[in-house]
>>> print(open('entry_16.txt').read())   # compact mmCIF, C-alpha atoms
# COMPACT_ATOMS: atom_id res chain seq x y z
CA MET A 14 -12.38 -13.97 -8.98
CA ALA A 15 -16.12 -13.37 -9.31
CA ALA A 16 -16.79 -15.96 -6.63
CA GLY A 17 -14.19 -14.33 -4.40
CA VAL A 18 -15.90 -10.98 -4.77
CA LEU A 19 -19.32 -12.41 -4.02
CA ILE A 20 -18.04 -14.14 -0.92
CA ALA A 21 -16.36 -10.96 0.20
CA TRP A 22 -19.53 -8.93 -0.21
CA GLY A 23 -21.53 -11.60 1.54
CA SER A 24 -20.07 -10.61 4.88
CA ALA A 25 -21.14 -7.22 6.12
CA PHE A 26 -19.18 -4.10 5.12
CA CYS A 27 -16.02 -5.51 3.76
CA GLU A 28 -13.46 -5.26 1.13
CA PRO A 29 -13.94 -5.23 -2.61
CA ALA A 30 -11.18 -7.07 -4.44
CA GLN A 31 -8.06 -5.14 -5.33
CA ALA A 32 -8.57 -6.09 -8.97
CA GLN A 33 -11.38 -3.56 -9.13
CA GLU A 34 -9.17 -0.57 -8.48
CA SER A 35 -9.05 0.53 -12.10
CA ARG A 36 -12.83 1.03 -12.00
CA VAL A 37 -12.64 4.03 -9.70
CA LYS A 38 -14.73 6.94 -10.97
CA THR A 39 -13.60 10.39 -9.96
CA GLY A 40 -16.35 12.64 -11.32
CA PRO A 41 -15.87 16.16 -12.71
CA SER A 42 -12.43 16.82 -14.18
CA VAL A 43 -10.12 19.62 -13.14
CA GLY A 44 -11.41 22.73 -14.92
CA GLU A 45 -15.02 21.51 -14.99
CA ARG A 46 -17.85 22.93 -12.95
CA ILE A 47 -19.32 20.69 -10.24
CA PRO A 48 -22.99 19.72 -10.51
CA SER A 49 -25.41 21.54 -8.26
CA PHE A 50 -26.25 19.64 -5.09
CA GLU A 51 -28.27 20.02 -1.94
CA ALA A 52 -27.89 18.08 1.29
CA VAL A 53 -28.70 18.51 4.97
CA ASP A 54 -25.84 18.88 7.42
CA GLU A 55 -25.56 17.24 10.85
CA ASP A 56 -27.72 19.96 12.37
CA GLY A 57 -30.47 19.54 9.80
CA LYS A 58 -29.68 22.69 7.87
CA THR A 59 -29.99 22.46 4.10
CA GLN A 60 -26.66 23.26 2.44
CA THR A 61 -25.71 23.95 -1.15
CA PHE A 62 -22.47 24.95 -2.82
CA ALA A 63 -23.47 28.61 -2.40
CA SER A 64 -24.09 28.23 1.33
CA LEU A 65 -20.90 26.23 1.96
CA ARG A 66 -18.32 28.09 -0.07
CA GLY A 67 -15.98 30.64 1.42
CA PRO A 68 -14.30 33.55 -0.37
CA LYS A 69 -11.85 31.14 -2.02
CA GLY A 70 -14.19 28.24 -2.65
CA LEU A 71 -14.72 24.88 -0.98
CA VAL A 72 -12.99 21.61 -0.13
CA LEU A 73 -15.55 18.87 -0.63
CA LEU A 74 -14.76 15.36 0.62
CA PHE A 75 -16.82 12.33 -0.30
CA HIS A 76 -16.35 9.37 2.00
CA ARG A 77 -17.95 5.99 2.46
CA SER A 78 -19.43 6.47 5.88
CA ALA A 79 -18.81 8.02 9.28
CA ASP A 80 -20.14 4.88 10.94
CA TRP A 81 -18.47 1.64 10.00
CA MET B 23 -20.53 14.06 2.28
CA SER B 24 -21.64 10.48 2.81
CA PHE B 25 -24.86 8.48 2.74
CA ASP B 26 -25.10 8.56 6.56
CA SER B 27 -28.21 9.93 8.19
CA GLN B 28 -28.23 13.32 9.86
CA ALA B 29 -28.43 11.62 13.28
CA VAL B 30 -25.37 9.47 12.62
CA LEU B 31 -23.41 12.49 11.39
CA GLN B 32 -24.43 14.54 14.40
CA HIS B 33 -23.22 11.79 16.72
CA PHE B 34 -19.97 11.43 14.80
CA ALA B 35 -19.27 15.19 14.76
CA LYS B 36 -19.71 15.34 18.54
CA ARG B 37 -17.71 12.19 19.24
CA VAL B 38 -14.74 13.19 17.08
CA GLY B 39 -15.02 16.96 17.47
CA ILE B 40 -15.66 18.10 13.90
CA ASN B 41 -16.51 21.75 13.37
CA TYR B 42 -17.24 21.89 9.63
CA PRO B 43 -20.49 20.76 8.01
CA LEU B 44 -21.00 17.02 7.49
CA LEU B 45 -23.46 16.47 4.67
CA SER B 46 -26.02 13.72 4.64
CA ASP B 47 -26.78 12.26 1.21
CA THR B 48 -29.00 9.38 2.30
CA ASP B 49 -30.38 8.69 -1.17
CA SER B 50 -26.95 9.24 -2.79
CA GLN B 51 -28.38 11.99 -5.01
CA ALA B 52 -25.31 14.19 -4.83
CA ILE B 53 -23.02 11.17 -5.08
CA ARG B 54 -24.82 10.20 -8.31
CA ALA B 55 -24.83 13.79 -9.60
CA PHE B 56 -21.05 13.84 -9.27
CA GLY B 57 -20.86 10.50 -11.06
CA ILE B 58 -18.90 8.79 -8.31
CA LEU B 59 -21.35 6.15 -7.07
CA ASN B 60 -19.35 2.99 -6.39
CA ASP B 61 -20.92 0.77 -9.02
CA THR B 62 -18.51 -2.07 -8.30
CA VAL B 63 -20.99 -2.89 -5.53
CA PRO B 64 -23.84 -5.13 -6.75
CA ALA B 65 -26.99 -3.03 -7.25
CA ASP B 66 -28.99 -5.14 -4.80
CA ASN B 67 -26.38 -4.78 -2.04
CA ARG B 68 -27.11 -2.39 0.82
CA ASN B 69 -23.76 -0.73 0.12
CA TYR B 70 -24.92 0.36 -3.35
CA VAL B 71 -25.05 3.91 -1.99
CA ILE B 72 -21.41 4.66 -1.29
CA PRO B 73 -19.14 6.91 -3.36
CA PHE B 74 -15.61 6.33 -4.48
CA PRO B 75 -13.94 8.41 -1.77
CA GLY B 76 -12.00 11.52 -2.65
CA TYR B 77 -11.48 15.25 -2.27
CA TYR B 78 -12.37 18.10 -4.62
CA ILE B 79 -10.72 21.50 -4.28
CA ILE B 80 -13.29 23.86 -5.81
CA ASP B 81 -12.94 27.57 -6.51
CA GLU B 82 -15.55 30.19 -5.62
CA ASN B 83 -17.24 29.72 -9.02
CA GLY B 84 -17.71 25.99 -8.57
CA VAL B 85 -14.86 24.95 -10.88
CA VAL B 86 -12.69 21.99 -9.81
CA GLN B 87 -9.12 23.16 -9.22
CA SER B 88 -7.71 19.79 -8.22
CA LYS B 89 -8.90 16.49 -6.85
CA TYR B 90 -7.53 13.57 -4.89
CA PHE B 91 -8.93 10.08 -5.33
CA ASP B 92 -7.24 6.82 -4.41
CA ASP B 93 -7.37 3.63 -6.43
CA ASN B 94 -8.12 1.59 -3.36
CA TYR B 95 -10.60 2.97 -0.85
CA ARG B 96 -8.64 1.56 2.08
CA GLU B 97 -5.82 3.94 1.26
CA ARG B 98 -6.65 7.58 1.83
CA PHE B 99 -5.00 10.93 1.51
CA THR B 100 -5.03 12.48 4.97
CA ALA B 101 -6.56 15.95 5.22
CA ALA B 102 -3.17 17.20 6.41
CA ASN B 103 -1.57 15.83 3.23
CA ILE B 104 -4.02 17.91 1.18
CA LEU B 105 -2.96 20.99 3.18
CA VAL B 106 0.68 20.27 2.33
CA ARG B 107 -0.10 19.74 -1.34
CA GLU B 108 -2.50 22.62 -1.83
CA PHE B 109 -1.53 25.28 0.65
CA ASP B 110 2.27 25.00 1.08
CA ASP B 111 1.88 23.82 4.66
CA SER B 112 4.92 21.82 5.77
CA GLY B 113 3.25 19.87 8.56
CA GLU B 114 5.12 19.00 11.73
CA LEU B 115 8.88 19.38 12.01
CA GLN B 116 10.79 16.12 12.45
CA GLY B 117 14.43 17.15 12.12
CA GLU B 118 16.94 19.74 10.96
CA ALA B 119 20.51 19.78 9.66
CA GLU B 120 23.06 22.36 8.63
CA THR B 121 26.16 21.96 6.46
CA PRO B 122 28.56 24.56 5.04
CA HIS B 123 26.34 24.68 1.93
CA LEU B 124 22.76 24.59 3.15
CA ARG B 125 20.26 24.36 5.95
CA MET B 126 17.46 21.87 5.71
CA SER B 127 14.55 20.54 7.69
CA TRP B 128 12.29 17.55 7.23
CA SER B 129 8.71 17.28 8.30
CA ALA B 130 5.53 15.31 7.68
CA SER B 131 1.88 16.18 7.25
CA ASN B 132 0.89 13.90 10.12
CA ARG B 133 2.48 12.82 13.39
CA GLU B 134 -0.10 10.10 14.05
CA VAL B 135 -0.69 7.51 11.36
CA VAL B 136 -3.16 4.72 10.77
CA GLY B 137 -2.88 1.81 8.35
CA GLY B 138 -3.89 3.03 4.88
CA HIS B 139 -3.01 6.67 5.52
CA ARG B 140 -1.39 8.45 2.62
CA ILE B 141 0.65 11.19 4.23
CA ALA B 142 3.13 13.73 2.84
CA LEU B 143 6.83 13.85 3.70
CA VAL B 144 8.41 17.26 3.15
CA LEU B 145 12.00 18.49 2.77
CA ASN B 146 12.63 22.23 3.04
CA VAL B 147 16.08 23.23 1.81
CA GLU B 148 17.66 26.66 2.09
CA MET B 149 20.89 27.11 0.13
CA LYS B 150 23.48 29.41 1.63
CA PRO B 151 24.46 32.55 -0.32
CA LYS B 152 25.90 31.88 -3.79
CA MET B 153 25.42 28.12 -3.36
CA HIS B 154 23.45 25.93 -5.72
CA VAL B 155 22.69 22.23 -6.09
CA TYR B 156 21.75 20.43 -9.29
CA ALA B 157 18.18 19.57 -10.20
CA PRO B 158 17.23 15.95 -11.01
CA ASP B 159 17.15 16.56 -14.77
CA VAL B 160 20.79 17.74 -14.93
CA THR B 161 23.28 15.85 -17.06
CA GLY B 162 26.98 15.77 -16.30
CA TYR B 163 26.58 16.81 -12.65
CA LEU B 164 25.43 15.02 -9.52
CA PRO B 165 21.77 15.95 -8.93
CA VAL B 166 19.94 16.07 -5.62
CA ALA B 167 18.38 12.75 -4.69
CA TRP B 168 16.11 11.71 -1.84
CA GLU B 169 16.00 8.05 -0.84
CA THR B 170 13.80 6.52 1.80
CA SER B 171 14.32 3.13 3.39
CA SER B 172 12.27 0.49 1.65
CA SER B 173 9.97 -1.69 3.64
CA ASP B 174 7.02 -4.03 3.32
CA GLY B 175 5.24 -1.79 5.79
CA TRP B 176 4.93 1.28 3.60
CA GLN B 177 5.28 2.51 0.06
CA ASP B 178 6.56 5.86 -1.05
CA SER B 179 5.87 7.76 -4.24
CA PRO B 180 8.62 9.44 -6.27
CA PRO B 181 9.49 12.91 -4.92
CA SER B 182 7.85 15.96 -6.51
CA TYR B 183 10.65 18.42 -7.16
CA PRO B 184 9.97 22.07 -7.88
CA GLU B 185 10.82 23.68 -11.19
CA SER B 186 14.54 24.33 -11.42
CA GLU B 187 16.26 27.54 -12.40
CA LEU B 188 18.65 27.67 -15.33
CA LEU B 189 22.07 28.86 -14.27
CA HIS B 190 24.67 30.09 -16.74
CA LEU B 191 28.20 29.07 -15.78
CA PRO B 192 30.38 31.63 -17.56
CA ALA B 193 33.68 29.82 -16.90
CA ILE B 194 32.62 26.92 -19.08
CA ASP B 195 29.73 28.62 -20.92
CA GLU B 196 27.21 26.00 -19.84
CA ILE B 197 23.56 26.36 -18.80
CA VAL B 198 22.52 23.92 -16.09
CA PRO B 199 19.30 23.33 -14.11
CA VAL B 200 19.86 24.15 -10.45
CA TYR B 201 18.18 25.09 -7.19
CA GLU B 202 19.26 28.23 -5.36
CA GLY B 203 17.70 29.99 -2.41
CA GLU B 204 14.85 27.97 -0.87
CA PHE B 205 13.12 24.96 -2.33
CA ARG B 206 10.76 22.28 -1.14
CA VAL B 207 10.38 18.63 -2.11
CA VAL B 208 7.29 16.57 -1.26
CA ARG B 209 6.49 12.89 -1.58
CA ASP B 210 3.67 10.67 -0.41
CA LEU B 211 4.19 7.87 2.05
CA GLU B 212 1.45 5.30 2.17
CA ILE B 213 1.27 3.40 5.44
CA GLY B 214 0.53 -0.28 4.89
CA LEU B 215 -2.62 -1.93 6.16
CA ARG B 216 -2.57 -3.54 9.57
CA ASP B 217 -0.92 -6.87 8.78
CA ARG B 218 1.89 -5.22 6.86
CA ILE B 219 2.64 -2.38 9.24
CA GLN B 220 2.07 -4.07 12.60
CA PRO B 221 5.41 -5.96 12.68
CA LEU B 222 7.25 -2.64 12.27
CA VAL B 223 5.58 -0.90 15.19
CA SER B 224 7.89 -0.56 18.19
CA GLU B 225 6.87 -1.49 21.73
CA ASP B 226 6.07 2.12 22.47
CA GLY B 227 3.81 2.33 19.41
CA LYS B 228 6.09 4.12 16.98
CA ILE B 229 7.13 3.68 13.36
CA SER B 230 10.39 5.08 12.03
CA VAL B 231 11.12 5.85 8.40
CA GLU B 232 14.69 6.67 7.51
CA GLY B 233 16.08 8.33 4.45
CA VAL B 234 19.06 10.08 2.92
CA PHE B 235 19.33 13.37 1.03
CA HIS B 236 22.20 13.39 -1.48
CA TYR B 237 23.56 16.54 -3.06
CA GLN B 238 26.61 18.18 -4.49
CA ALA B 239 26.82 21.92 -3.90
CA CYS B 240 28.79 24.44 -5.91
CA ASP B 241 29.22 28.17 -5.65
CA ASP B 242 30.47 30.50 -8.34
CA LYS B 243 34.03 29.20 -7.97
CA VAL B 244 34.16 25.79 -6.36
CA CYS B 245 32.26 22.51 -6.49
CA TYR B 246 32.35 20.80 -3.12
CA LEU B 247 32.46 17.09 -2.33
CA PRO B 248 29.13 15.25 -2.59
CA GLN B 249 27.29 15.04 0.73
CA GLN B 250 24.72 12.78 2.35
CA ILE B 251 22.36 13.95 5.06
CA PRO B 252 20.60 11.22 7.06
CA LEU B 253 16.88 11.82 7.58
CA LYS B 254 14.48 10.23 10.02
CA TRP B 255 10.77 10.49 10.60
CA THR B 256 9.02 8.97 13.62
CA PHE B 257 5.28 8.47 13.78
CA ASP B 258 2.83 7.40 16.44
CA PHE B 259 0.91 4.42 15.12
CA LYS B 260 -2.78 4.39 15.98
CA GLY B 261 -5.29 1.59 15.62
CA TYR B 262 -8.43 2.06 13.58
CA ASP B 263 -11.22 4.10 15.12
CA ARG B 264 -13.82 1.43 15.89
CA GLY B 265 -16.28 3.79 17.54
CA ARG B 266 -19.81 3.82 16.13
CA ALA B 267 -23.09 5.55 16.59
CA PRO B 268 -25.51 3.88 19.02
CA ALA B 269 -27.41 1.05 17.35
CA GLU B 270 -30.71 2.94 17.40
CA LEU B 271 -29.24 5.69 15.21
CA ARG B 272 -27.79 3.46 12.51
>>> encode(input="entry_16.txt", output="structure tokens")
Amino acid sequence: MAAGVLIAWGSAFCEPAQAQESRVKTGPSVGERIPSFEAVDEDGKTQTFASLRGPKGLVLLFHRSADW
Amino acid sequence: MSFDSQAVLQHFAKRVGINYPLLSDTDSQAIRAFGILNDTVPADNRNYVIPFPGYYIIDENGVVQSKYFDDNYRERFTAANILVREFDDSGELQGEAETPHLRMSWSASNREVVGGHRIALVLNVEMKPKMHVYAPDVTGYLPVAWETSSSDGWQDSPPSYPESELLHLPAIDEIVPVYEGEFRVVRDLEIGLRDRIQPLVSEDGKISVEGVFHYQACDDKVCYLPQQIPLKWTFDFKGYDRGRAPAELR
């Protein structure tokens, strides 16, 4: 299996083995506060939770990439 | 939020037409702060910057209300599925039926699907006056049941039924869990990856998922014969989006 994984990662941007699925980390639990963060948006504006949230809060999506 | 550069995100937002902020976390600081860096990637690999993908629904005080992460990154909740799950949206109507006991409609979060999409299928049922059907946890009566056709091309999750009401039947002095009025049932349908789903795509690019809704309705006097309502969802199958930012931006 280890060899299979190494081979898989040897080719650009490809698939980790299915056997790794139990290792998914999902961060803060329901009921916990998110950590503070700061990041620039696509227009170069610095955004934080306070600048992004609406009256009811925020939907925050983490994804691998917009370009592969 | 992703590790993409601002330039790549700007190109992507324009190309796809996104009108909410896309956040650039090029050094994965926020991804690390959330504790979701994909550490199954070897530390010396250039992909040792990506998160485990998922959604957080966060209230105005920064507290996580719910979250959606998949075990396998190639399978993703669609944004429209999150709207169904979180905001009682029923998606796009796919069909309707009426019997002497109820009216129902079936819909789906998405009309277009891609391999790996995890979409929501929705049943909306409206019982006619005085009518009830039995909830899945009933004993001694025929409960509602929702089957979908099995296939190698997709996988469905068990339906999420709403909380039932407890109905007292005076004639026999029994208390039974039922649904009256309106209720909604939701389940996920995960579209298989390309090799699994492709053989099921029709010549005109569609996928059909069939199902059956079983119920037995009773009113305050009579229990009627068990019924089956055929259900069908049709989706437009789309290939993966292979578009990329120009090489000089990557």
>>> residues_around(input="entry_16.txt", residues="A:Ala63", least_positions_apart="3", cutoff="10 Å", atoms="all atoms listed in the file", output="VMD selection string")
(chain A and resid 49 to 51 60 66 to 67 70 to 71) or (chain B and resid 82 to 84)
>>> residues_around(input="entry_16.txt", residues="stretch 262-266 of chain B", least_positions_apart="3", cutoff="10 Å", atoms="all atoms listed in the file", output="JSON, numbers by chain")
{"A": [79, 80, 81], "B": [30, 33, 34, 37, 38, 135, 136, 137, 138, 216, 259, 269, 271, 272]}
>>> interface_residues(input="entry_16.txt", of="chain B", to="chain A", cutoff="7 Å", atoms="all atoms listed in the file", output="PyMOL selection string")
chain B and resi 23-26+28-29+31-32+34+43-47+52+55-58+72-82+84-88+91+93-94+266-267
>>> atom_distance(input="entry_16.txt", atom1="atom CA of B:Tyr183", atom2="atom CA of B:Val208")
7.0 Å
>>> atom_distance(input="entry_16.txt", atom1="atom CA of B:Ser27", atom2="atom CA of B:Phe99")
24.2 Å
>>> axis_aligned_box(input="entry_16.txt", around="stretch 60-68 of chain A", padding_each_side="5 Å", output="JSON")
{"center_x": -20.5, "center_y": 28.4, "center_z": -0.2, "size_x": 22.4, "size_y": 20.3, "size_z": 15.3}
>>> atom_distance(input="entry_16.txt", atom1="atom CA of B:His190", atom2="atom CA of B:Val234")
28.6 Å
>>> residues_around(input="entry_16.txt", residues="stretch 163-180 of chain B", least_positions_apart="5", cutoff="8 Å", atoms="all atoms listed in the file", output="list in words")
Val155, Tyr156, Ala157, Pro158, Arg209, Asp210, Leu211, Glu212, Ile213, Gly214, Leu215, Arg218, Ile219, Gln220, Leu222, Val231, Glu232, Gly233, Val234, Phe235, His236, Tyr237, Gln238 and Pro248 of chain B
>>> closest_residue(input="entry_16.txt", among="B:Arg96, B:Ala130, B:Glu270, B:Asp195", to="B:Asp111", atoms="only C-alpha atoms")
B:Ala130
>>> decode(input="entry_16.txt", residues="stretch 63-81 of chain A", atoms="C-alpha atoms", output="CSV table (one decimal), in the first residue's frame")
chain,number,residue,atom,x,y,z
A,63,ALA,CA,-15.8,40.1,11.1
A,64,SER,CA,-15.6,41.5,7.6
A,65,LEU,CA,-17.2,38.4,6.0
A,66,ARG,CA,-20.0,37.6,8.3
A,67,GLY,CA,-23.6,38.7,7.7
A,68,PRO,CA,-26.3,39.2,10.2
A,69,LYS,CA,-26.7,35.4,10.6
A,70,GLY,CA,-23.1,34.4,10.3
A,71,LEU,CA,-21.0,32.9,7.6
A,72,VAL,CA,-20.7,29.8,5.4
A,73,LEU,CA,-17.0,29.0,5.0
A,74,LEU,CA,-15.9,26.4,2.5
A,75,PHE,CA,-12.4,25.1,2.4
A,76,HIS,CA,-11.4,23.4,-0.9
A,77,ARG,CA,-8.3,22.0,-2.4
A,78,SER,CA,-7.9,24.5,-5.3
A,79,ALA,CA,-9.7,26.5,-7.9
A,80,ASP,CA,-7.1,25.5,-10.4
A,81,TRP,CA,-6.5,21.9,-11.0
